[in-house]
file structure-v8.csv (CSV, C-alpha atoms)
chain,number,residue,atom,x,y,z
D,1,MET,CA,-11.6,72.2,32.7
D,2,MET,CA,-14.7,70.1,32.1
D,3,GLU,CA,-14.4,67.1,29.8
D,4,ASP,CA,-16.7,66.8,26.8
D,5,PHE,CA,-18.8,63.7,27.1
D,6,SER,CA,-21.1,64.5,24.1
D,7,TYR,CA,-21.6,61.9,21.5
D,8,ALA,CA,-20.3,62.4,18.0
D,9,ARG,CA,-22.8,62.5,15.2
D,10,PRO,CA,-23.1,59.3,13.3
D,11,GLN,CA,-21.2,59.2,10.0
D,12,THR,CA,-23.3,59.1,6.8
D,13,GLY,CA,-22.7,58.1,3.3
D,14,SER,CA,-19.8,55.6,3.4
D,15,ALA,CA,-21.1,53.5,6.4
D,16,ALA,CA,-22.4,50.1,5.4
D,17,PRO,CA,-26.1,49.5,6.2
D,18,LEU,CA,-27.0,47.0,8.9
D,19,MET,CA,-28.2,43.6,7.7
D,20,PRO,CA,-31.9,43.0,8.2
D,21,ARG,CA,-32.8,40.8,11.1
D,22,ASP,CA,-33.6,37.2,10.3
D,23,GLU,CA,-37.1,36.7,11.6
D,24,ARG,CA,-37.4,33.1,10.7
D,25,ALA,CA,-37.8,30.4,13.4
D,26,SER,CA,-34.6,28.8,14.4
D,27,LEU,CA,-33.8,25.1,14.0
D,28,LEU,CA,-31.1,23.1,15.8
D,29,VAL,CA,-30.3,19.6,14.4
D,30,VAL,CA,-28.9,16.9,16.6
D,31,ALA,CA,-27.4,14.1,14.5
D,32,ASP,CA,-24.3,12.1,14.0
D,33,ARG,CA,-22.4,12.0,10.7
D,34,MET,CA,-24.4,14.9,9.1
D,35,GLU,CA,-23.1,18.2,7.8
D,36,ALA,CA,-24.8,21.6,8.1
D,37,ALA,CA,-24.3,22.2,4.4
D,38,ASP,CA,-26.5,19.2,3.6
D,39,LEU,CA,-29.4,20.3,5.8
D,40,GLU,CA,-29.2,24.1,5.0
D,41,PRO,CA,-31.5,23.7,1.9
D,42,VAL,CA,-34.0,21.6,3.8
D,43,ALA,CA,-34.2,24.1,6.7
D,44,ASN,CA,-34.5,27.1,4.3
D,45,ALA,CA,-37.3,25.3,2.3
D,46,ALA,CA,-39.2,24.7,5.5
D,47,GLY,CA,-38.8,28.3,6.6
D,48,PHE,CA,-36.2,27.7,9.3
D,49,ARG,CA,-32.9,29.5,10.1
D,50,LEU,CA,-30.5,26.6,10.8
D,51,LEU,CA,-28.5,27.1,13.9
D,52,GLY,CA,-26.2,24.2,13.2
D,53,VAL,CA,-25.8,20.5,13.4
D,54,THR,CA,-24.6,19.1,16.7
D,55,PRO,CA,-23.4,15.5,17.3
D,56,SER,CA,-25.4,13.7,20.0
D,57,ALA,CA,-22.3,13.5,22.3
D,58,ASP,CA,-22.1,17.3,22.3
D,59,ALA,CA,-25.8,18.0,22.4
D,60,PRO,CA,-26.4,18.1,26.2
D,61,ILE,CA,-23.9,21.0,26.5
D,62,ARG,CA,-25.1,22.7,23.3
D,63,LEU,CA,-28.7,22.7,24.6
D,64,ASP,CA,-27.7,24.2,27.9
D,65,LEU,CA,-25.8,27.0,26.2
D,66,GLN,CA,-28.3,27.7,23.4
D,67,ALA,CA,-30.0,30.9,24.4
D,68,GLN,CA,-33.0,30.6,22.0
D,69,CYS,CA,-34.2,27.8,19.8
D,70,ASP,CA,-37.7,27.4,18.2
D,71,ALA,CA,-37.4,23.8,17.0
D,72,ILE,CA,-35.1,20.8,17.4
D,73,LEU,CA,-34.7,18.0,14.9
D,74,PHE,CA,-33.2,15.0,16.6
D,75,PHE,CA,-32.1,11.9,14.7
D,76,CYS,CA,-31.8,8.9,17.1
D,77,PRO,CA,-32.2,5.7,15.0
D,78,THR,CA,-29.8,3.6,17.2
D,79,MET,CA,-29.4,3.1,20.9
D,80,ASN,CA,-26.5,4.7,22.7
D,81,PRO,CA,-25.7,5.3,26.5
D,82,LEU,CA,-26.6,9.0,26.2
D,83,LEU,CA,-29.9,8.6,24.4
D,84,GLU,CA,-32.3,8.5,27.4
D,85,ARG,CA,-30.7,11.5,29.1
D,86,LEU,CA,-30.8,13.5,25.9
D,87,LEU,CA,-34.4,12.7,25.2
D,88,VAL,CA,-35.4,13.7,28.7
D,89,GLN,CA,-33.4,16.9,28.4
D,90,ILE,CA,-35.0,17.8,25.0
D,91,GLU,CA,-38.5,17.1,26.2
D,92,THR,CA,-38.0,19.1,29.4
D,93,GLN,CA,-36.7,22.1,27.6
D,94,ALA,CA,-39.5,21.8,25.0
D,95,ILE,CA,-42.1,22.0,27.8
D,96,GLN,CA,-40.3,24.9,29.6
D,97,ASN,CA,-39.6,27.0,26.4
D,98,GLY,CA,-42.4,25.9,24.1
D,99,MET,CA,-40.1,24.5,21.5
D,100,ALA,CA,-41.3,22.2,18.7
D,101,VAL,CA,-39.5,18.9,18.6
D,102,ILE,CA,-39.1,16.3,15.9
D,103,LEU,CA,-37.7,12.9,17.0
D,104,VAL,CA,-36.6,10.6,14.2
D,105,ALA,CA,-36.3,7.2,15.8
D,106,GLY,CA,-35.7,3.7,14.5
D,107,LEU,CA,-37.5,0.5,15.5
D,108,ALA,CA,-34.7,-0.1,18.0
D,109,THR,CA,-35.3,3.2,19.7
D,110,VAL,CA,-39.0,4.0,19.2
D,111,ASP,CA,-40.1,2.5,22.5
D,112,LEU,CA,-37.7,4.6,24.5
D,113,ALA,CA,-38.5,7.7,22.5
D,114,PHE,CA,-42.2,7.2,23.0
D,115,ALA,CA,-41.8,6.7,26.7
D,116,CYS,CA,-39.9,10.0,27.0
D,117,LEU,CA,-42.5,12.0,25.1
D,118,ARG,CA,-44.0,14.7,27.3
D,119,SER,CA,-44.5,17.9,25.3
D,120,PRO,CA,-47.7,18.2,23.2
D,121,HIS,CA,-45.6,19.9,20.5
D,122,SER,CA,-43.3,16.9,20.0
D,123,GLN,CA,-43.6,14.8,16.9
D,124,LEU,CA,-42.3,11.2,16.8
D,125,LEU,CA,-41.3,9.7,13.5
D,126,CYS,CA,-39.9,6.2,12.9
D,127,ASN,CA,-37.9,5.5,9.7
D,128,PRO,CA,-39.8,8.3,7.9
D,129,ASP,CA,-39.8,8.8,4.2
D,130,ARG,CA,-39.1,12.2,2.6
D,131,THR,CA,-42.8,13.2,2.6
D,132,GLU,CA,-43.3,12.4,6.3
D,133,LEU,CA,-40.1,14.3,7.3
D,134,ALA,CA,-41.0,17.3,5.1
D,135,ALA,CA,-44.6,17.4,6.6
D,136,ALA,CA,-43.1,17.2,10.1
D,137,LEU,CA,-40.8,20.2,9.4
D,138,VAL,CA,-43.6,22.2,8.0
D,139,ALA,CA,-45.8,21.4,11.0
D,140,ALA,CA,-43.0,22.4,13.4
D,141,GLY,CA,-42.5,25.7,11.5
D,142,GLU,CA,-46.2,26.5,12.1
D,143,HIS,CA,-45.8,26.0,15.8
D,144,ARG,CA,-45.4,29.6,16.8
D,145,PRO,CA,-47.1,31.9,19.3
D,146,ALA,CA,-50.0,33.8,17.8
D,147,ASN,CA,-49.3,37.4,17.0
D,148,GLY,CA,-52.9,38.5,17.6
D,149,GLN,CA,-56.5,37.6,17.1
D,150,VAL,CA,-58.0,37.4,13.6
D,151,HIS,CA,-61.3,39.0,13.0
D,152,GLU,CA,-64.1,36.4,12.4
D,153,ILE,CA,-64.9,37.8,8.9
D,154,ASP,CA,-61.3,37.2,7.8
D,155,ARG,CA,-60.7,34.0,9.6
D,156,GLU,CA,-61.6,31.6,6.7
D,157,GLY,CA,-59.6,33.6,4.1
D,158,ALA,CA,-56.6,33.7,6.4
D,159,ARG,CA,-56.8,30.0,7.0
D,160,LEU,CA,-57.0,29.2,3.2
D,161,GLN,CA,-54.0,31.4,2.7
D,162,GLN,CA,-52.1,29.6,5.4
D,163,LEU,CA,-53.0,26.2,3.9
D,164,SER,CA,-51.8,27.5,0.5
D,165,GLU,CA,-48.5,28.6,2.0
D,166,GLU,CA,-48.1,25.3,3.9
D,167,VAL,CA,-48.6,23.3,0.7
D,168,GLY,CA,-46.0,25.4,-1.1
D,169,ARG,CA,-43.5,25.1,1.7
D,170,LEU,CA,-44.1,21.3,1.8
D,171,ALA,CA,-43.4,21.1,-2.0
D,172,ARG,CA,-40.2,23.2,-1.6
D,173,THR,CA,-39.1,21.0,1.3
D,174,LEU,CA,-39.6,17.9,-0.7
D,175,ASP,CA,-37.6,19.3,-3.5
D,176,ALA,CA,-34.8,20.2,-1.1
D,177,LEU,CA,-34.8,16.6,0.3
D,178,THR,CA,-34.8,15.1,-3.2
D,179,GLU,CA,-31.8,17.2,-4.2
D,180,ARG,CA,-29.7,16.0,-1.3
D,181,THR,CA,-26.7,14.1,-2.6
D,182,ARG,CA,-24.2,13.8,0.3
D,183,MET,CA,-26.4,13.0,3.2
D,184,ALA,CA,-26.5,9.2,3.4
D,185,VAL,CA,-27.6,8.8,7.0
D,186,PRO,CA,-30.4,8.3,7.9
D,187,SER,CA,-32.2,6.6,5.1
D,188,PHE,CA,-35.7,7.9,4.2
D,189,ASP,CA,-36.7,4.8,2.2
D,190,LEU,CA,-39.9,3.1,3.3
D,191,GLY,CA,-39.2,0.1,5.4
D,192,PRO,CA,-40.8,-3.3,5.1
D,193,ARG,CA,-44.4,-3.6,6.0
D,194,ILE,CA,-46.4,-6.6,7.1
D,195,SER,CA,-48.7,-6.2,4.1
D,196,ASP,CA,-45.7,-6.5,1.8
D,197,ARG,CA,-44.7,-9.9,3.3
D,198,PRO,CA,-46.1,-13.4,2.5
D,199,SER,CA,-49.4,-14.2,4.1
D,200,ASP,CA,-48.0,-15.9,7.2
D,201,TYR,CA,-49.2,-13.4,9.8
D,202,ILE,CA,-49.4,-15.0,13.2
D,203,GLY,CA,-50.2,-12.0,15.2
D,204,MET,CA,-48.0,-9.4,17.0
D,205,PRO,CA,-44.8,-10.5,18.7
D,206,ALA,CA,-45.9,-11.7,22.2
D,207,LEU,CA,-44.3,-10.2,25.3
D,208,ALA,CA,-44.0,-12.2,28.4
D,209,PRO,CA,-46.9,-11.7,30.7
D,210,ILE,CA,-46.3,-9.2,33.5
D,211,GLY,CA,-48.3,-9.4,36.7
D,212,ALA,CA,-51.3,-11.4,37.5
D,213,PRO,CA,-54.4,-11.7,35.2
D,214,ALA,CA,-56.1,-9.3,37.6
D,215,ASP,CA,-54.0,-6.6,36.1
D,216,PHE,CA,-56.2,-6.9,33.0
D,217,PRO,CA,-59.8,-6.4,34.0
D,218,ALA,CA,-62.1,-8.6,31.8
D,219,PRO,CA,-64.3,-6.7,29.4
D,220,THR,CA,-68.0,-6.5,30.2
D,221,VAL,CA,-69.5,-9.4,28.2
D,222,ASP,CA,-73.1,-9.9,27.1
D,223,LYS,CA,-74.1,-13.2,28.7
D,224,ALA,CA,-76.2,-14.1,25.7
D,225,ALA,CA,-73.2,-13.9,23.4
D,226,PRO,CA,-70.6,-16.7,23.1
D,227,ALA,CA,-67.3,-16.2,24.8
D,228,ILE,CA,-64.6,-14.5,22.8
D,229,THR,CA,-61.1,-16.0,22.6
D,230,ALA,CA,-57.8,-14.5,21.6
D,231,THR,CA,-57.5,-17.1,18.9
D,232,GLN,CA,-60.7,-15.9,17.3
D,233,VAL,CA,-59.4,-12.3,17.2
D,234,ARG,CA,-56.1,-13.4,15.8
D,235,ASP,CA,-57.9,-15.4,13.1
D,236,LEU,CA,-59.7,-12.2,12.1
D,237,LEU,CA,-56.4,-10.4,11.8
D,238,ARG,CA,-55.0,-13.2,9.7
D,239,ALA,CA,-58.0,-12.9,7.4
D,240,ARG,CA,-57.3,-9.2,7.0
D,241,ARG,CA,-53.7,-10.0,6.1
D,242,ILE,CA,-54.7,-12.5,3.4
D,243,ARG,CA,-56.9,-9.8,1.9
D,244,ALA,CA,-53.6,-8.1,0.7
D,245,ASP,CA,-53.0,-11.1,-1.6
D,246,PHE,CA,-56.1,-10.2,-3.6
D,247,LEU,CA,-56.6,-6.5,-3.2
D,248,PRO,CA,-54.2,-3.5,-2.9
D,249,GLY,CA,-53.0,-3.4,0.7
D,250,ASP,CA,-52.3,0.3,0.8
D,251,LEU,CA,-55.8,1.1,-0.6
D,252,PHE,CA,-57.6,-0.8,2.1
D,253,ALA,CA,-55.3,-0.2,5.0
D,254,ASP,CA,-57.0,0.3,8.4
D,255,PRO,CA,-54.3,0.7,11.0
D,256,ALA,CA,-56.5,1.9,13.8
D,257,TRP,CA,-58.8,-1.1,13.5
D,258,ASP,CA,-55.9,-3.6,13.2
D,259,MET,CA,-54.2,-2.1,16.3
D,260,MET,CA,-57.5,-2.2,18.3
D,261,LEU,CA,-58.0,-5.9,17.4
D,262,ASP,CA,-54.5,-6.7,18.3
D,263,LEU,CA,-54.8,-5.0,21.6
D,264,LEU,CA,-58.0,-6.9,22.3
D,265,ALA,CA,-56.2,-10.2,21.6
D,266,ALA,CA,-53.3,-9.3,23.8
D,267,ARG,CA,-55.8,-8.3,26.6
D,268,LEU,CA,-57.5,-11.7,26.4
D,269,GLU,CA,-54.0,-13.3,26.5
D,270,HIS,CA,-53.0,-11.2,29.5
D,271,GLU,CA,-50.0,-9.8,27.6
D,272,ARG,CA,-48.4,-6.4,27.4
D,273,VAL,CA,-48.0,-4.6,24.1
D,274,SER,CA,-45.0,-2.4,23.4
D,275,VAL,CA,-45.2,0.5,21.0
D,276,SER,CA,-42.8,-1.1,18.5
D,277,SER,CA,-44.9,-4.3,18.4
D,278,LEU,CA,-48.1,-2.3,17.9
D,279,CYS,CA,-46.5,-0.5,15.0
D,280,ILE,CA,-45.7,-3.9,13.4
D,281,ALA,CA,-49.3,-5.0,13.9
D,282,ALA,CA,-50.7,-1.9,12.2
D,283,ALA,CA,-49.3,-3.1,8.8
D,284,VAL,CA,-48.4,0.4,7.7
D,285,PRO,CA,-45.2,2.5,7.9
D,286,PRO,CA,-44.2,3.0,11.5
D,287,THR,CA,-44.6,6.8,11.4
D,288,THR,CA,-48.2,6.4,10.2
D,289,ALA,CA,-48.8,3.9,13.0
D,290,LEU,CA,-47.4,6.3,15.6
D,291,ARG,CA,-49.8,9.0,14.5
D,292,TRP,CA,-52.7,6.6,14.9
D,293,ILE,CA,-51.5,5.6,18.4
D,294,ARG,CA,-51.4,9.3,19.4
D,295,THR,CA,-54.9,9.8,17.9
D,296,LEU,CA,-56.3,6.8,19.7
D,297,THR,CA,-54.7,8.0,22.9
D,298,ASP,CA,-56.0,11.5,22.6
D,299,LYS,CA,-59.5,10.1,22.0
D,300,GLY,CA,-59.3,7.9,25.1
D,301,MET,CA,-59.5,4.6,23.1
D,302,VAL,CA,-56.1,3.4,24.3
D,303,GLU,CA,-53.9,4.4,27.2
D,304,ARG,CA,-50.3,4.4,28.2
D,305,GLN,CA,-49.1,2.0,30.9
D,306,ALA,CA,-45.7,2.3,32.4
D,307,ASP,CA,-43.6,-0.9,32.6
D,308,PRO,CA,-43.2,-1.6,36.3
D,309,HIS,CA,-39.8,-3.2,35.7
D,310,ASP,CA,-38.3,-0.8,33.2
D,311,GLY,CA,-39.0,3.0,33.4
D,312,ARG,CA,-37.7,3.4,29.8
D,313,ARG,CA,-40.6,1.5,28.3
D,314,VAL,CA,-44.3,2.3,28.0
D,315,PHE,CA,-47.0,-0.2,27.0
D,316,ILE,CA,-50.2,0.5,25.1
D,317,ALA,CA,-53.5,-1.1,26.3
D,318,LEU,CA,-57.1,-0.8,25.5
D,319,ALA,CA,-59.1,1.6,27.7
D,320,GLN,CA,-61.9,-0.2,29.6
D,321,GLU,CA,-64.7,1.4,27.6
D,322,ALA,CA,-63.0,0.5,24.3
D,323,ALA,CA,-62.5,-3.1,25.4
D,324,ASP,CA,-66.2,-3.4,26.3
D,325,ALA,CA,-67.3,-1.9,23.0
D,326,LEU,CA,-65.0,-4.2,21.0
D,327,THR,CA,-66.3,-7.2,22.9
D,328,ARG,CA,-69.9,-6.2,22.2
D,329,TRP,CA,-69.1,-5.7,18.5
D,330,PHE,CA,-67.5,-9.0,18.2
D,331,GLY,CA,-70.5,-10.8,19.8
D,332,ALA,CA,-73.0,-8.9,17.6
D,333,SER,CA,-71.1,-9.6,14.4
D,334,ARG,CA,-70.9,-13.3,15.2
D,335,ARG,CA,-74.6,-13.4,15.8
D,336,LEU,CA,-75.3,-11.8,12.4
D,337,LEU,CA,-73.0,-14.3,10.6
D,338,ALA,CA,-74.8,-17.2,12.4
D,339,THR,CA,-78.2,-16.2,11.1
call {"tool": "encode", "arguments": {"input": "structure-v8.csv", "output": "structure tokens"}}
result
Amino acid sequence: MMEDFSYARPQTGSAAPLMPRDERASLLVVADRMEAADLEPVANAAGFRLLGVTPSADAPIRLDLQAQCDAILFFCPTMNPLLERLLVQIETQAIQNGMAVILVAGLATVDLAFACLRSPHSQLLCNPDRTELAAALVAAGEHRPANGQVHEIDREGARLQQLSEEVGRLARTLDALTERTRMAVPSFDLGPRISDRPSDYIGMPALAPIGAPADFPAPTVDKAAPAITATQVRDLLRARRIRADFLPGDLFADPAWDMMLDLLAARLEHERVSVSSLCIAAAVPPTTALRWIRTLTDKGMVERQADPHDGRRVFIALAQEAADALTRWFGASRRLLAT
């Protein structure tokens, strides 16, 4: 007798319908002393499906076992023995899988986090406020593979619609962050800024010189122009700080220029400049300074230099062409003032 292997017809009527598939991008949060219930509204507002909150000690195993993840939000405000390994693992997986990454560092960890950055889709924040974190989440949510080409005639309208949706999502994310009541760590309050302090600016914290002066090629100098000294550049920076005593500092902030001048002074002093020190010199919130460092790096104005004695740290230096241009500007401006 032949056995019957036919399939029974599916039952109808009383069977419960299947739940629709959640097509939202997935977000994994790595943080200590945080609860998923506190971050669920924030993830929903930014358009993410929260996979969970994993303590940093368990994160290496969780990342290895996680089958799919579109974005990672990693809070690392303080140093710990696992931090470097975890940063490298996250950045490696981000490059391999195309994940979006948001690293939320503190001043104590920003140098290490910056040194570990490898993926072009990683965002580095330092002591961010609510707006900065919300904007980073929205930007991470927009990092998705394109579904297809848009016809040229519809491109502008589609982009305007996308911008409208981004603004709305940012507003909802800000609302969700404001309504948080139990999440006390980390703090999203703005940290102190140099422009908020008394006018005793004496330049960026100096690092001990590394290597011979030959490691710092001298800028090309116009022989007709007087020599430029680090003291003169520092004096210009002090004058810019004094300006905040008379005019609103946030209205006239120019972090890119402040950082370029500070790097010029350090170059003339044959000193290395760390990322955290450069953020202090920018006189703006550190996350804003980090965005400017990335912009200046992308434009070839500054460059990363590995610390030969510590692979966990990266220095920032002026590119040769930028140093030459600054030197020529300094000489030209002094000649104008002398006339």
call {"tool": "atom_distance", "arguments": {"input": "structure-v8.csv", "atom1": "atom CA of Leu263 of chain D", "atom2": "atom CA of Arg335 of chain D"}}
result
22.3 Å
call {"tool": "atom_distance", "arguments": {"input": "structure-v8.csv", "atom1": "atom CA of Leu268 of chain D", "atom2": "atom CA of Ala230 of chain D"}}
result
5.6 Å
call {"tool": "atom_distance", "arguments": {"input": "structure-v8.csv", "atom1": "atom CA of Asp64 of chain D", "atom2": "atom CA of Ala36 of chain D"}}
result
20.2 Å
call {"tool": "closest_residue", "arguments": {"input": "structure-v8.csv", "among": "D:Ala100, D:Ile95, D:Val284, D:Ala266", "to": "Arg118 of chain D", "atoms": "all atoms listed in the file"}}
result
D:Ile95
call {"tool": "residues_around", "arguments": {"input": "structure-v8.csv", "residues": "Arg49 of chain D", "least_positions_apart": "2", "cutoff": "6 Å", "atoms": "only C-alpha atoms", "output": "list in words"}}
result
Arg24, Ala25, Ser26 and Leu27 of chain D
call {"tool": "closest_residue", "arguments": {"input": "structure-v8.csv", "among": "D:Arg243, D:Ala43, D:Asp298, D:Ala113", "to": "Leu133 of chain D", "atoms": "only C-alpha atoms"}}
result
D:Ala43
call {"tool": "closest_residue", "arguments": {"input": "structure-v8.csv", "among": "D:Glu91, D:Asp111, D:Asp324, D:Glu40", "to": "Ala306 of chain D", "atoms": "all atoms listed in the file"}}
result
D:Asp111
call {"tool": "closest_residue", "arguments": {"input": "structure-v8.csv", "among": "D:Asp262, D:Asp245, D:Glu269, D:Glu84", "to": "Arg312 of chain D", "atoms": "all atoms listed in the file"}}
result
D:Glu84
